[in-house]
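Worksheet: one structure, shown below.
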Amino acid sequence: MSEQTDPRNPALSPLAEFYGYAGIAPFLLAALGTALLPEHAGRSLAQQIAVGYGAVILTFVGAVHWGLAVGGRLPASLPVYTGAIFPAVVGTVAILLGGQRALALLAVGFGLFWLYEHRRLGLELPADYLRLRRNLTVAVCALLALTMIVSESVGLR
């Protein structure tokens, strides 16, 4: 049975994949805004957008796991529920911190969640989903790190 027709490993919807990759655009625009906007206030707003959007998206990836656990597609266990909630806690702390520290925390949060997802649940999640999450995590972490570096160079903390 091929991976595409295996009901335990469904193919990822092209629309879901499109929206997943499109979700990188705000991270890219925030990095560009932080680097290129002429006013300090605009650069600061672009950095805040990166933090806010990053926190929301990190929470979103945890919510996927929450929904899968509540719906019986992942084990309803303490580690799974804790893993699903972890991104929201990290995102909230990042918003409270703000600035470069928030960007760094978000990058670490995305990376840790990717490790958790692949190491702890890799056999229970569809291969196409894991591939998409890997690609998106690499892009998001790189753009958050770039925004953090650019923030330093333009005088944002």
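A note on labels: chains of the structure tokens are A, B, ... as shown, every chain counts residues from 1, and ligands are counted from 1 in their shown order.
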Interface rows for stretch 117-145 of chain A against stretch 34-52 of chain A: nearest pair, Å to one decimal, 12 Å, only C-alpha atoms, as a tab-separated table:
residue	atom	partner	partner_atom	distance
A:Val140	CA	A:Ala50	CA	10.1
A:Cys141	CA	A:Ala50	CA	11.4
A:Leu143	CA	A:Ala50	CA	9.1
A:Leu144	CA	A:Ala50	CA	7.3
A:Ala145	CA	A:Ala50	CA	10.7
Residues of stretch 46-136 of chain A within 10 Å of stretch 151-157 of chain A: nearest atom pair and distance (Å, one decimal) for each, counting only C-alpha atoms, sorted by chain and number, as a tab-separated table?
residue	atom	partner	partner_atom	distance
A:Ala46	CA	A:Ser151	CA	9.7
A:Gln47	CA	A:Ser151	CA	7.4
A:Gly98	CA	A:Arg157	CA	8.5
A:Gly99	CA	A:Arg157	CA	5.3
A:Gln100	CA	A:Arg157	CA	5.6
A:Arg101	CA	A:Arg157	CA	8.0
A:Ala102	CA	A:Arg157	CA	9.9
A:Leu103	CA	A:Ser151	CA	9.8
Residues near A:Arg120, anyone? I mean within 10 Å using only C-alpha atoms, not counting same-chain ones fewer than 6 positions away, as a ChimeraX atom specification.
/A:79-80,83,114
9 Å contact set for A:Leu132, only C-alpha atoms, chain neighbours under 4 positions out, as a ChimeraX atom specification
/A:12,17,20-21,127-128,136-137
Could you dump the residues just selected with C-alpha atoms as a tab-separated table (two decimals), in the first residue's frame?
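Listed below is the output, selection11.tsv:
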chain	number	residue	atom	x	y	z
A	12	LEU	CA	-1.16	16.39	3.10
A	17	GLU	CA	0.72	22.98	2.41
A	20	GLY	CA	1.67	26.55	5.71
A	21	TYR	CA	4.31	28.03	3.44
A	127	ALA	CA	5.19	11.76	7.23
A	128	ASP	CA	3.96	14.63	5.01
A	136	LEU	CA	8.51	25.52	8.23
A	137	THR	CA	10.45	25.28	11.50
Once DSSP has gone over the backbone, tell me which residues of stretch 50-135 of chain A are in alpha helix (DSSP H), as a ChimeraX atom specification.
/A:50-70,78-97,99-120,127-135
File of the preceding selection, C-alpha atoms, as a short mmCIF file (atom, residue, chain, number, x, y, z; two decimals), in the first residue's frame:
data_model
loop_
_atom_site.label_atom_id
_atom_site.label_comp_id
_atom_site.auth_asym_id
_atom_site.auth_seq_id
_atom_site.Cartn_x
_atom_site.Cartn_y
_atom_site.Cartn_z
CA ALA A 50 7.62 39.28 14.54
CA VAL A 51 7.25 38.56 18.26
CA GLY A 52 3.44 38.66 18.27
CA TYR A 53 3.02 36.61 15.12
CA GLY A 54 5.69 34.16 16.26
CA ALA A 55 3.93 33.66 19.59
CA VAL A 56 0.59 33.07 17.87
CA ILE A 57 2.03 30.59 15.36
CA LEU A 58 3.95 28.72 18.07
CA THR A 59 0.71 28.44 20.04
CA PHE A 60 -1.03 27.27 16.86
CA VAL A 61 1.35 24.33 16.39
CA GLY A 62 0.71 23.28 19.99
CA ALA A 63 -3.02 23.57 19.41
CA VAL A 64 -2.75 21.06 16.54
CA HIS A 65 -1.45 18.52 19.05
CA TRP A 66 -4.13 19.46 21.59
CA GLY A 67 -6.81 18.84 18.98
CA LEU A 68 -5.29 15.54 17.92
CA ALA A 69 -5.11 14.36 21.55
CA VAL A 70 -8.65 15.50 22.39
CA LEU A 78 0.33 13.85 30.41
CA PRO A 79 3.36 14.23 28.11
CA VAL A 80 1.17 14.85 25.04
CA TYR A 81 -1.05 17.41 26.79
CA THR A 82 1.98 19.08 28.36
CA GLY A 83 3.69 19.19 24.98
CA ALA A 84 0.58 20.73 23.45
CA ILE A 85 0.45 23.47 26.10
CA PHE A 86 4.21 24.22 26.13
CA PRO A 87 4.12 26.42 23.00
CA ALA A 88 1.41 28.68 24.47
CA VAL A 89 3.46 29.18 27.64
CA VAL A 90 6.60 29.98 25.63
CA GLY A 91 4.65 32.36 23.37
CA THR A 92 3.17 34.18 26.36
CA VAL A 93 6.57 34.61 28.01
CA ALA A 94 7.99 35.87 24.71
CA ILE A 95 5.28 38.52 24.43
CA LEU A 96 6.00 39.63 27.99
CA LEU A 97 9.75 39.80 27.35
CA GLY A 99 12.52 42.50 21.82
CA GLN A 100 15.53 40.38 21.00
CA ARG A 101 15.08 38.11 24.01
CA ALA A 102 11.57 37.28 22.80
CA LEU A 103 12.82 36.53 19.30
CA ALA A 104 15.50 34.22 20.72
CA LEU A 105 12.99 32.48 23.00
CA LEU A 106 10.59 31.93 20.12
CA ALA A 107 13.34 30.45 17.94
CA VAL A 108 14.30 28.09 20.78
CA GLY A 109 10.61 27.27 21.39
CA PHE A 110 10.02 26.38 17.73
CA GLY A 111 13.18 24.27 17.70
CA LEU A 112 12.33 22.43 20.92
CA PHE A 113 8.79 21.74 19.77
CA TRP A 114 10.12 20.37 16.48
CA LEU A 115 12.44 18.05 18.42
CA TYR A 116 9.59 16.93 20.69
CA GLU A 117 7.27 16.39 17.75
CA HIS A 118 9.77 14.33 15.78
CA ARG A 119 11.37 12.39 18.62
CA ARG A 120 8.32 11.73 20.82
CA ALA A 127 5.19 11.76 7.23
CA ASP A 128 3.96 14.63 5.01
CA TYR A 129 2.99 16.63 8.08
CA LEU A 130 6.40 16.04 9.69
CA ARG A 131 8.16 17.08 6.47
CA LEU A 132 6.13 20.28 6.27
CA ARG A 133 6.72 21.06 9.95
CA ARG A 134 10.47 20.51 9.53
CA ASN A 135 10.64 22.87 6.56
#
Could you please determine the separation between atom CA of A:Phe27 and atom CA of A:Leu15 in Å, to one decimal place?
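According to the coordinates, atom CA of A:Phe27 and atom CA of A:Leu15 are separated by 19.9 Å.
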Which one is closest to A:Thr147: A:Pro126, A:Gly33, A:Gly23, A:Pro10? Count only C-alpha atoms.
A:Gly33
Which of these, A:Ala31, A:Ala25, A:Ile149, A:Leu74, has the shortest distance to A:Leu123 once you count only C-alpha atoms?
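The closest residue to A:Leu123 is A:Leu74.
The gap separating atom CA of A:Tyr19 from atom CA of A:Ala142 is 18.9 Å, in Å to one decimal.
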Have a look at atom CA of A:Phe18 and atom CA of A:Leu125 and let me know their distance in Å, one decimal.
19.2 Å
